[in-house]
$ cat start06.cif   # mmCIF, C-alpha atoms and all ligand atoms
data_final
loop_
_atom_site.group_PDB
_atom_site.id
_atom_site.type_symbol
_atom_site.label_atom_id
_atom_site.label_comp_id
_atom_site.auth_asym_id
_atom_site.auth_seq_id
_atom_site.Cartn_x
_atom_site.Cartn_y
_atom_site.Cartn_z
ATOM 1 C CA MET A 835 -11.581 77.501 61.650
ATOM 2 C CA SER A 836 -9.536 75.893 58.916
ATOM 3 C CA THR A 837 -10.457 76.302 55.300
ATOM 4 C CA PRO A 838 -12.491 73.278 54.131
ATOM 5 C CA HIS A 839 -10.888 71.110 51.495
ATOM 6 C CA PRO A 840 -12.615 71.294 48.164
ATOM 7 C CA THR A 841 -14.672 68.141 47.631
ATOM 8 C CA SER A 842 -14.635 68.138 43.853
ATOM 9 C CA HIS A 843 -11.486 67.446 41.873
ATOM 10 C CA THR A 844 -9.918 70.212 39.853
ATOM 11 C CA PRO A 845 -10.778 69.395 36.265
ATOM 12 C CA ARG A 846 -7.838 67.674 34.604
ATOM 13 C CA PRO A 847 -6.614 68.954 31.295
ATOM 14 C CA THR A 848 -7.649 66.723 28.404
ATOM 15 C CA PRO A 849 -4.789 64.235 27.991
ATOM 16 C CA SER A 850 -2.764 64.573 24.835
ATOM 17 C CA PRO A 851 -3.207 61.685 22.388
ATOM 18 C CA ASP A 852 0.376 60.617 23.149
ATOM 19 C CA LEU A 853 -0.228 60.504 26.882
ATOM 20 C CA GLU A 854 -3.435 58.526 26.432
ATOM 21 C CA GLU A 855 -1.567 56.121 24.173
ATOM 22 C CA ILE A 856 1.054 55.570 26.886
ATOM 23 C CA GLU A 857 -1.605 55.094 29.572
ATOM 24 C CA ILE A 858 -3.437 52.503 27.457
ATOM 25 C CA GLN A 859 -0.232 50.616 26.769
ATOM 26 C CA LEU A 860 0.608 50.537 30.485
ATOM 27 C CA LEU A 861 -2.907 49.381 31.335
ATOM 28 C CA LEU A 862 -2.762 46.543 28.790
ATOM 29 C CA GLU A 863 0.740 45.559 29.904
ATOM 30 C CA GLY A 864 -0.431 45.437 33.534
ATOM 31 C CA VAL A 865 -3.509 43.361 32.647
ATOM 32 C CA TYR A 866 -1.342 40.950 30.703
ATOM 33 C CA ARG A 867 1.304 40.594 33.398
ATOM 34 C CA LEU A 868 -1.112 40.232 36.277
ATOM 35 C CA TYR A 869 -4.035 38.344 34.742
ATOM 36 C CA GLY A 870 -2.574 36.795 31.549
ATOM 37 C CA PHE A 871 -5.194 38.345 29.225
ATOM 38 C CA ASP A 872 -3.345 39.818 26.276
ATOM 39 C CA PHE A 873 -5.064 42.785 24.614
ATOM 40 C CA ARG A 874 -1.809 44.338 23.407
ATOM 41 C CA ASN A 875 -2.513 43.499 19.771
ATOM 42 C CA TYR A 876 -6.154 44.439 19.553
ATOM 43 C CA ALA A 877 -7.148 46.993 16.906
ATOM 44 C CA PRO A 878 -6.332 50.303 18.645
ATOM 45 C CA SER A 879 -9.291 52.489 17.665
ATOM 46 C CA SER A 880 -12.092 50.236 18.903
ATOM 47 C CA LEU A 881 -10.062 49.254 21.978
ATOM 48 C CA LYS A 882 -9.394 52.892 22.863
ATOM 49 C CA ARG A 883 -13.095 53.736 22.555
ATOM 50 C CA ARG A 884 -14.075 50.883 24.819
ATOM 51 C CA VAL A 885 -11.404 51.673 27.410
ATOM 52 C CA ARG A 886 -12.627 55.280 27.513
ATOM 53 C CA ASN A 887 -16.239 54.100 27.964
ATOM 54 C CA LEU A 888 -15.165 51.886 30.809
ATOM 55 C CA MET A 889 -13.254 54.707 32.475
ATOM 56 C CA GLU A 890 -16.423 56.811 32.352
ATOM 57 C CA ALA A 891 -18.614 53.970 33.592
ATOM 58 C CA GLU A 892 -16.278 53.593 36.591
ATOM 59 C CA ALA A 893 -16.501 57.384 37.142
ATOM 60 C CA LEU A 894 -12.734 57.755 36.850
ATOM 61 C CA SER A 895 -10.927 60.712 35.382
ATOM 62 C CA SER A 896 -7.956 59.003 33.741
ATOM 63 C CA ILE A 897 -6.914 55.732 32.190
ATOM 64 C CA SER A 898 -4.147 55.512 34.789
ATOM 65 C CA ALA A 899 -6.835 55.557 37.483
ATOM 66 C CA LEU A 900 -8.612 52.757 35.619
ATOM 67 C CA GLN A 901 -5.339 50.837 35.554
ATOM 68 C CA ASP A 902 -5.022 51.230 39.314
ATOM 69 C CA ARG A 903 -8.538 49.885 39.884
ATOM 70 C CA VAL A 904 -8.282 47.036 37.380
ATOM 71 C CA LEU A 905 -5.013 45.839 38.927
ATOM 72 C CA HIS A 906 -6.200 46.026 42.533
ATOM 73 C CA ASP A 907 -9.826 44.978 42.255
ATOM 74 C CA THR A 908 -10.672 41.673 40.567
ATOM 75 C CA SER A 909 -14.345 42.626 40.193
ATOM 76 C CA CYS A 910 -13.223 45.640 38.160
ATOM 77 C CA MET A 911 -11.071 43.300 36.067
ATOM 78 C CA GLU A 912 -14.209 41.249 35.336
ATOM 79 C CA ARG A 913 -15.991 44.397 34.192
ATOM 80 C CA PHE A 914 -12.927 45.304 32.141
ATOM 81 C CA LEU A 915 -13.004 41.898 30.422
ATOM 82 C CA LEU A 916 -16.676 42.231 29.586
ATOM 83 C CA GLY A 917 -16.395 45.883 28.593
ATOM 84 C CA VAL A 918 -13.321 45.783 26.434
ATOM 85 C CA THR A 919 -14.575 43.109 24.024
ATOM 86 C CA VAL A 920 -17.729 43.010 21.924
ATOM 87 C CA HIS A 921 -20.077 40.077 22.592
ATOM 88 C CA VAL A 922 -22.873 40.858 20.163
ATOM 89 C CA THR A 923 -24.162 37.720 18.481
ATOM 90 C CA ALA A 924 -27.389 36.178 17.183
ATOM 91 C CA MET A 925 -28.769 32.866 15.989
ATOM 92 C CA PHE A 926 -28.215 32.233 12.270
ATOM 93 C CA ARG A 927 -26.405 35.567 12.007
ATOM 94 C CA ASP A 928 -25.786 36.314 8.294
ATOM 95 C CA PRO A 929 -28.161 33.571 7.076
ATOM 96 C CA GLY A 930 -26.343 33.336 3.706
ATOM 97 C CA PHE A 931 -23.379 31.853 5.542
ATOM 98 C CA PHE A 932 -25.560 29.036 6.894
ATOM 99 C CA VAL A 933 -27.228 28.425 3.518
ATOM 100 C CA ARG A 934 -23.792 28.010 1.947
ATOM 101 C CA PHE A 935 -22.673 25.793 4.834
ATOM 102 C CA ARG A 936 -25.741 23.597 4.355
ATOM 103 C CA ASN A 937 -25.349 23.349 0.580
ATOM 104 C CA GLN A 938 -21.599 23.114 0.172
ATOM 105 C CA VAL A 939 -19.992 22.073 3.429
ATOM 106 C CA VAL A 940 -22.490 19.481 4.663
ATOM 107 C CA PRO A 941 -21.968 17.212 1.582
ATOM 108 C CA LEU A 942 -18.201 17.309 2.236
ATOM 109 C CA LEU A 943 -18.624 16.557 5.930
ATOM 110 C CA SER A 944 -20.986 13.682 5.298
ATOM 111 C CA THR A 945 -18.044 11.690 3.907
ATOM 112 C CA TYR A 946 -16.368 11.659 7.353
ATOM 113 C CA PRO A 947 -17.264 9.046 9.980
ATOM 114 C CA PHE A 948 -16.534 11.509 12.787
ATOM 115 C CA ILE A 949 -16.423 15.318 12.557
ATOM 116 C CA ARG A 950 -14.475 17.626 14.860
ATOM 117 C CA ILE A 951 -15.534 21.283 14.842
ATOM 118 C CA TRP A 952 -13.938 24.220 16.650
ATOM 119 C CA HIS A 953 -16.126 27.245 17.177
ATOM 120 C CA ALA A 954 -13.712 29.945 18.388
ATOM 121 C CA GLY A 955 -14.989 33.177 19.988
ATOM 122 C CA CYS A 956 -18.476 31.719 20.441
ATOM 123 C CA SER A 957 -19.626 34.437 22.856
ATOM 124 C CA THR A 958 -22.966 33.571 24.505
ATOM 125 C CA GLY A 959 -23.458 30.560 22.237
ATOM 126 C CA GLN A 960 -26.230 31.508 19.808
ATOM 127 C CA GLU A 961 -24.106 30.550 16.799
ATOM 128 C CA VAL A 962 -23.141 27.210 18.319
ATOM 129 C CA TYR A 963 -26.792 26.257 18.837
ATOM 130 C CA SER A 964 -27.514 27.394 15.262
ATOM 131 C CA LEU A 965 -24.823 25.076 13.969
ATOM 132 C CA ALA A 966 -26.062 22.208 16.144
ATOM 133 C CA ILE A 967 -29.591 22.672 14.736
ATOM 134 C CA LEU A 968 -28.299 22.749 11.156
ATOM 135 C CA LEU A 969 -26.213 19.593 11.668
ATOM 136 C CA LEU A 970 -29.157 17.862 13.337
ATOM 137 C CA GLU A 971 -31.440 18.671 10.417
ATOM 138 C CA GLU A 972 -28.811 17.383 8.004
ATOM 139 C CA GLY A 973 -28.442 14.098 9.909
ATOM 140 C CA LEU A 974 -24.834 14.755 10.927
ATOM 141 C CA TYR A 975 -25.060 15.965 14.506
ATOM 142 C CA HIS A 976 -24.623 12.522 16.097
ATOM 143 C CA ARG A 977 -21.238 12.245 14.325
ATOM 144 C CA CYS A 978 -19.993 15.661 15.473
ATOM 145 C CA ARG A 979 -18.041 16.956 18.415
ATOM 146 C CA ILE A 980 -18.176 20.751 18.661
ATOM 147 C CA TYR A 981 -15.562 22.520 20.794
ATOM 148 C CA ALA A 982 -17.051 25.938 21.558
ATOM 149 C CA THR A 983 -14.503 28.327 23.046
ATOM 150 C CA ASP A 984 -14.231 31.919 24.162
ATOM 151 C CA MET A 985 -11.708 33.693 26.360
ATOM 152 C CA ASN A 986 -14.448 34.976 28.632
ATOM 153 C CA GLU A 987 -15.753 32.539 31.247
ATOM 154 C CA ARG A 988 -18.819 34.698 31.939
ATOM 155 C CA VAL A 989 -20.169 34.493 28.378
ATOM 156 C CA LEU A 990 -19.361 30.774 28.270
ATOM 157 C CA GLN A 991 -21.591 30.221 31.322
ATOM 158 C CA LYS A 992 -24.443 31.812 29.410
ATOM 159 C CA ALA A 993 -23.643 29.708 26.362
ATOM 160 C CA LYS A 994 -23.719 26.537 28.464
ATOM 161 C CA SER A 995 -27.128 27.443 29.863
ATOM 162 C CA GLY A 996 -28.664 27.838 26.388
ATOM 163 C CA ILE A 997 -31.209 30.270 27.810
ATOM 164 C CA TYR A 998 -31.987 33.481 25.925
ATOM 165 C CA PRO A 999 -34.670 36.171 26.172
ATOM 166 C CA LEU A 1000 -37.927 34.994 24.659
ATOM 167 C CA GLU A 1001 -38.394 38.340 22.935
ATOM 168 C CA LEU A 1002 -35.483 37.495 20.608
ATOM 169 C CA MET A 1003 -37.163 34.365 19.248
ATOM 170 C CA GLN A 1004 -39.215 36.181 16.630
ATOM 171 C CA GLU A 1005 -36.085 37.648 15.070
ATOM 172 C CA TYR A 1006 -34.226 34.326 15.380
ATOM 173 C CA THR A 1007 -37.118 32.484 13.716
ATOM 174 C CA GLN A 1008 -36.868 34.805 10.701
ATOM 175 C CA LEU A 1009 -33.111 34.279 10.487
ATOM 176 C CA TYR A 1010 -33.548 30.498 10.867
ATOM 177 C CA LEU A 1011 -35.982 30.431 7.936
ATOM 178 C CA LYS A 1012 -33.679 32.593 5.791
ATOM 179 C CA ALA A 1013 -30.855 30.206 6.668
ATOM 180 C CA GLY A 1014 -32.817 27.321 5.122
ATOM 181 C CA GLY A 1015 -34.296 25.949 8.371
ATOM 182 C CA LYS A 1016 -36.371 22.845 7.719
ATOM 183 C CA ARG A 1017 -38.662 22.578 10.719
ATOM 184 C CA SER A 1018 -40.589 24.803 13.036
ATOM 185 C CA PHE A 1019 -38.011 26.801 15.007
ATOM 186 C CA SER A 1020 -40.084 26.590 18.189
ATOM 187 C CA GLU A 1021 -39.403 22.817 18.289
ATOM 188 C CA TYR A 1022 -35.924 23.604 19.557
ATOM 189 C CA TYR A 1023 -36.783 25.504 22.709
ATOM 190 C CA THR A 1024 -39.211 25.619 25.590
ATOM 191 C CA ALA A 1025 -40.639 28.956 26.618
ATOM 192 C CA ALA A 1026 -40.648 29.647 30.354
ATOM 193 C CA TYR A 1027 -41.671 33.067 31.598
ATOM 194 C CA ASP A 1028 -39.570 35.558 29.619
ATOM 195 C CA ASN A 1029 -36.981 33.044 28.495
ATOM 196 C CA ALA A 1030 -36.452 30.427 25.827
ATOM 197 C CA ALA A 1031 -34.456 27.384 26.980
ATOM 198 C CA PHE A 1032 -32.885 25.426 24.140
ATOM 199 C CA ARG A 1033 -33.228 21.632 24.168
ATOM 200 C CA ALA A 1034 -30.504 19.947 26.224
ATOM 201 C CA SER A 1035 -30.079 17.363 23.435
ATOM 202 C CA LEU A 1036 -28.610 20.151 21.267
ATOM 203 C CA ARG A 1037 -25.799 20.431 23.821
ATOM 204 C CA GLU A 1038 -24.997 16.724 23.916
ATOM 205 C CA ASN A 1039 -22.035 16.942 21.543
ATOM 206 C CA ILE A 1040 -20.814 20.410 22.492
ATOM 207 C CA ILE A 1041 -17.885 21.006 24.829
ATOM 208 C CA PHE A 1042 -17.702 24.587 26.095
ATOM 209 C CA SER A 1043 -14.305 25.694 27.310
ATOM 210 C CA GLN A 1044 -12.081 28.688 27.785
ATOM 211 C CA HIS A 1045 -9.459 29.346 25.116
ATOM 212 C CA ASN A 1046 -7.632 32.565 24.347
ATOM 213 C CA LEU A 1047 -6.707 33.093 20.706
ATOM 214 C CA ALA A 1048 -4.023 35.621 21.654
ATOM 215 C CA THR A 1049 -2.067 33.346 23.982
ATOM 216 C CA ASP A 1050 -3.226 29.716 23.811
ATOM 217 C CA HIS A 1051 -2.198 27.003 21.399
ATOM 218 C CA SER A 1052 -3.956 24.459 19.260
ATOM 219 C CA PHE A 1053 -5.642 21.635 21.143
ATOM 220 C CA ASN A 1054 -6.767 19.256 18.383
ATOM 221 C CA GLU A 1055 -7.061 18.769 14.641
ATOM 222 C CA PHE A 1056 -10.369 19.902 13.210
ATOM 223 C CA HIS A 1057 -12.439 19.344 10.082
ATOM 224 C CA VAL A 1058 -14.146 22.707 10.547
ATOM 225 C CA ILE A 1059 -13.127 25.905 12.324
ATOM 226 C CA LEU A 1060 -15.617 28.752 12.644
ATOM 227 C CA CYS A 1061 -14.393 32.061 13.993
ATOM 228 C CA ARG A 1062 -16.730 34.829 12.979
ATOM 229 C CA ASN A 1063 -16.575 38.477 13.935
ATOM 230 C CA VAL A 1064 -13.583 38.097 16.232
ATOM 231 C CA LEU A 1065 -10.584 38.850 13.994
ATOM 232 C CA ILE A 1066 -11.962 42.295 13.131
ATOM 233 C CA TYR A 1067 -11.031 43.348 16.662
ATOM 234 C CA PHE A 1068 -7.386 42.276 16.251
ATOM 235 C CA ASP A 1069 -4.472 44.155 14.657
ATOM 236 C CA PRO A 1070 -2.606 42.564 11.699
ATOM 237 C CA VAL A 1071 0.022 40.957 13.980
ATOM 238 C CA LEU A 1072 -2.575 39.142 16.071
ATOM 239 C CA GLN A 1073 -4.650 38.269 13.004
ATOM 240 C CA LYS A 1074 -1.563 36.596 11.543
ATOM 241 C CA ARG A 1075 -1.002 34.595 14.742
ATOM 242 C CA VAL A 1076 -4.582 33.398 14.720
ATOM 243 C CA HIS A 1077 -4.556 32.486 11.023
ATOM 244 C CA GLN A 1078 -1.426 30.424 11.630
ATOM 245 C CA LEU A 1079 -3.143 28.760 14.588
ATOM 246 C CA PHE A 1080 -6.172 27.916 12.455
ATOM 247 C CA TYR A 1081 -4.074 26.670 9.565
ATOM 248 C CA ASP A 1082 -2.109 24.418 11.931
ATOM 249 C CA SER A 1083 -5.328 23.185 13.545
ATOM 250 C CA LEU A 1084 -7.208 22.321 10.341
ATOM 251 C CA CYS A 1085 -6.860 18.951 8.687
ATOM 252 C CA PRO A 1086 -6.095 18.935 4.937
ATOM 253 C CA LEU A 1087 -9.245 20.002 3.043
ATOM 254 C CA GLY A 1088 -10.684 21.348 6.307
ATOM 255 C CA ILE A 1089 -13.147 24.249 6.333
ATOM 256 C CA LEU A 1090 -12.581 27.719 7.790
ATOM 257 C CA GLY A 1091 -15.580 30.036 8.278
ATOM 258 C CA LEU A 1092 -15.041 33.753 8.938
ATOM 259 C CA GLY A 1093 -17.346 36.722 9.532
ATOM 260 C CA ARG A 1094 -18.828 38.901 6.831
ATOM 261 C CA GLN A 1095 -16.226 41.641 7.251
ATOM 262 C CA GLU A 1096 -13.323 39.219 7.499
ATOM 263 C CA THR A 1097 -11.321 37.762 4.644
ATOM 264 C CA LEU A 1098 -8.203 35.815 3.791
ATOM 265 C CA ARG A 1099 -7.753 37.944 0.679
ATOM 266 C CA LEU A 1100 -4.352 39.638 0.511
ATOM 267 C CA THR A 1101 -3.088 37.699 3.546
ATOM 268 C CA PRO A 1102 -0.170 35.224 3.341
ATOM 269 C CA TYR A 1103 -2.756 32.453 3.908
ATOM 270 C CA GLU A 1104 -4.810 33.144 0.778
ATOM 271 C CA PRO A 1105 -2.833 30.717 -1.447
ATOM 272 C CA HIS A 1106 -3.438 27.874 1.017
ATOM 273 C CA TYR A 1107 -7.215 28.002 0.762
ATOM 274 C CA GLU A 1108 -9.926 27.854 -1.878
ATOM 275 C CA GLU A 1109 -12.861 30.245 -1.296
ATOM 276 C CA LEU A 1110 -16.287 28.606 -1.501
ATOM 277 C CA GLY A 1111 -18.110 31.923 -0.968
ATOM 278 C CA ASP A 1112 -19.796 33.734 1.935
ATOM 279 C CA ARG A 1113 -16.446 33.764 3.774
ATOM 280 C CA ILE A 1114 -16.174 29.985 3.789
ATOM 281 C CA TYR A 1115 -12.726 28.677 2.833
ATOM 282 C CA ARG A 1116 -11.361 25.191 2.251
ATOM 283 C CA ARG A 1117 -7.774 24.363 3.110
ATOM 284 C CA LEU A 1118 -6.094 23.011 -0.012
ATOM 285 C CA HIS A 1119 -3.679 20.366 1.280
HETATM 286 C C1 LIG B 1 -18.612 39.765 18.471
HETATM 287 S S1 LIG B 1 -18.429 38.292 19.378
HETATM 288 C C2 LIG B 1 -18.658 37.112 18.068
HETATM 289 C C3 LIG B 1 -19.610 36.024 18.440
HETATM 290 C C4 LIG B 1 -19.999 35.076 17.296
HETATM 291 N N1 LIG B 1 -18.859 34.377 16.760
HETATM 292 C C5 LIG B 1 -20.731 35.820 16.188
HETATM 293 O O1 LIG B 1 -20.134 36.075 15.147
HETATM 294 O O2 LIG B 1 -21.900 36.159 16.377
HETATM 295 C C6 LIG B 1 -16.684 38.242 19.689
HETATM 296 C C7 LIG B 1 -16.261 37.242 20.759
HETATM 297 O O3 LIG B 1 -14.844 37.057 20.665
HETATM 298 C C8 LIG B 1 -14.347 36.845 21.961
HETATM 299 N N2 LIG B 1 -12.916 37.148 21.970
HETATM 300 C C9 LIG B 1 -12.307 38.347 21.874
HETATM 301 N N3 LIG B 1 -10.982 38.197 21.973
HETATM 302 C C10 LIG B 1 -10.743 36.860 22.114
HETATM 303 C C11 LIG B 1 -9.576 36.084 22.282
HETATM 304 N N4 LIG B 1 -8.374 36.638 22.328
HETATM 305 N N5 LIG B 1 -9.699 34.746 22.384
HETATM 306 C C12 LIG B 1 -10.919 34.163 22.348
HETATM 307 N N6 LIG B 1 -12.072 34.852 22.226
HETATM 308 C C13 LIG B 1 -11.985 36.188 22.109
HETATM 309 C C14 LIG B 1 -15.152 37.792 22.831
HETATM 310 O O4 LIG B 1 -15.117 37.388 24.187
HETATM 311 C C15 LIG B 1 -16.535 37.707 22.179
HETATM 312 O O5 LIG B 1 -17.330 36.778 22.846
#
$ encode --input "start06.cif" --output "structure tokens"
Amino acid sequence: MSTPHPTSHTPRPTPSPDLEEIEIQLLLEGVYRLYGFDFRNYAPSSLKRRVRNLMEAEALSSISALQDRVLHDTSCMERFLLGVTVHVTAMFRDPGFFVRFRNQVVPLLSTYPFIRIWHAGCSTGQEVYSLAILLLEEGLYHRCRIYATDMNERVLQKAKSGIYPLELMQEYTQLYLKAGGKRSFSEYYTAAYDNAAFRASLRENIIFSQHNLATDHSFNEFHVILCRNVLIYFDPVLQKRVHQLFYDSLCPLGILGLGRQETLRLTPYEPHYEELGDRIYRRLH
């Protein structure tokens, strides 16, 4: 009788940081060359953590093995796309931002006959619906066209549906009120079983579409660009690309809204904007 083969793998030595670095670079290069998604300039520490989590979730013992699976199995690539980026969002997230938008940006926008807004990295859409509600309450929504983009088609599908777990509505109601909401928040959705479906009329002037900030170009000129909690995941090279893209896509005196941990301070773009507060900037010329 022959000796049975061992069924479990011999434990691999923990890869040296250098080796892991090389494996991650090869994985990202492969993903870019095969699928066109460019993660090569994402902030390394958070990316590394998420790649490791994914490797464990796939029950693989090395990043090279993850590379093999991602490149040969498109369903694994979908999981990679969802796993490697953060999609956390909420309605009226950081209410102070929306209060400032209502008080300082709305009066500026009301001077325009037609308002083009780009909401980049919109994730599952909660922020886009928040903005639509705010603009509706301020009597501007009918004059707006909101382009809501994300690189991930899966989260965009959710955004388009406008359906979120009902259990979140209590928290969202609090945030809506803190953000200066003027009506009863429950007017904006219908509860069905465990879900809240937002009114279709809120979607009337929103166009959801795929756009990748790392590789795609400008597609219009905007009066407002909101991109919150996306740039924190990029390294300085990619942040610079995106700031250039936003600058080129904003009309003179246009508004740029960033996330709470994001700033133009000490970047080459600082002199081209005036800060209104709460991470809201106005392009100078
Ligand atoms: C943390 S969420 C932010 C959602 C929302 N803006 C907010 O602040 O609540 C980050 C989003 O950025 C998107 N994202 C990451 N890299 C991107 C890229 N290169 N181009 C476009 N979107 C990207 C992700 O898919 C994710 O939905």
$ residues_around --input "start06.cif" --residues "stretch 1045-1059 of chain A" --least-positions-apart "4" --cutoff "8 Å" --atoms "only C-alpha atoms" --output "list in words"
Phe871, Asp872, Phe873, Leu943, Ile949, Arg950, Ile951, Trp952, His953, Ala954, Thr983, Asp984, Met985, Leu1072, Arg1075, Val1076, Leu1079, Phe1080, Asp1082, Ser1083, Leu1084, Cys1085, Leu1087, Gly1088, Ile1089, Leu1090 and Gly1091 of chain A
$ residues_near_ligand --input "start06.cif" --ligand "ligand LIG 1 (chain B)" --cutoff "6 Å" --atoms "only C-alpha atoms and all ligand atoms" --output "ChimeraX atom specification"
/A:919-924,955-957,984-986,1045-1048,1061-1064
$ closest_residue --input "start06.cif" --among "A:Asp1069, A:Arg934, A:Glu1001, A:Arg1117" --to "A:Pro1086" --atoms "all atoms listed in the file"
A:Arg1117
$ atom_distance --input "start06.cif" --atom1 "atom CA of A:Ile967" --atom2 "atom CA of A:Phe948"
17.3 Å
$ resolve_selection --input "start06.cif" --expression "the PyMOL selection byres (((chain A and resi 958) around 6) and not hetatm)" --output "list in words"
Ser957, Gly959, Val989, Leu990, Lys992 and Ala993 of chain A
$ atom_distance --input "start06.cif" --atom1 "atom CA of A:Val939" --atom2 "atom CA of A:Leu969"
10.6 Å
$ atom_distance --input "start06.cif" --atom1 "atom CA of A:Leu860" --atom2 "atom CA of A:Leu1065"
23.1 Å
$ closest_residue --input "start06.cif" --among "A:Ile980, A:Leu1036, A:Leu968, A:Val933" --to "A:Ile1114" --atoms "only C-alpha atoms"
A:Val933
$ closest_residue --input "start06.cif" --among "A:Val940, A:Val865, A:Ala877, A:Leu1002" --to "A:Asp902" --atoms "only C-alpha atoms"
A:Val865
$ residues_near_point --input "start06.cif" --point "(-42.3, 27.1, 13.8)" --cutoff "12 Å" --atoms "all atoms listed in the file" --output "compact mmCIF listing (two decimals) with C-alpha atoms, in the coordinates of the input"
# COMPACT_ATOMS: atom_id res chain seq x y z
CA MET A 1003 -37.16 34.36 19.25
CA GLN A 1004 -39.22 36.18 16.63
CA TYR A 1006 -34.23 34.33 15.38
CA THR A 1007 -37.12 32.48 13.72
CA GLN A 1008 -36.87 34.80 10.70
CA TYR A 1010 -33.55 30.50 10.87
CA LEU A 1011 -35.98 30.43 7.94
CA GLY A 1015 -34.30 25.95 8.37
CA LYS A 1016 -36.37 22.84 7.72
CA ARG A 1017 -38.66 22.58 10.72
CA SER A 1018 -40.59 24.80 13.04
CA PHE A 1019 -38.01 26.80 15.01
CA SER A 1020 -40.08 26.59 18.19
CA GLU A 1021 -39.40 22.82 18.29
CA TYR A 1022 -35.92 23.60 19.56
CA TYR A 1023 -36.78 25.50 22.71
$ residues_around --input "start06.cif" --residues "A:Glu1108" --least-positions-apart "5" --cutoff "7 Å" --atoms "all atoms listed in the file" --output "PyMOL selection string"
chain A and resi 1115-1118
$ closest_residue --input "start06.cif" --among "A:Lys994, A:Arg927, A:Asn875, A:Tyr946" --to "A:Leu1092" --atoms "all atoms listed in the file"
A:Arg927
$ resolve_selection --input "start06.cif" --expression "the PyMOL selection byres (((chain A and resi 898) around 12) and not hetatm)" --output "list of chain:residue names"
A:Pro849, A:Leu853, A:Glu854, A:Glu855, A:Ile856, A:Glu857, A:Ile858, A:Gln859, A:Leu860, A:Leu861, A:Leu862, A:Gly864, A:Val885, A:Arg886, A:Met889, A:Leu894, A:Ser895, A:Ser896, A:Ile897, A:Ala899, A:Leu900, A:Gln901, A:Asp902, A:Arg903, A:Val904, A:Leu905
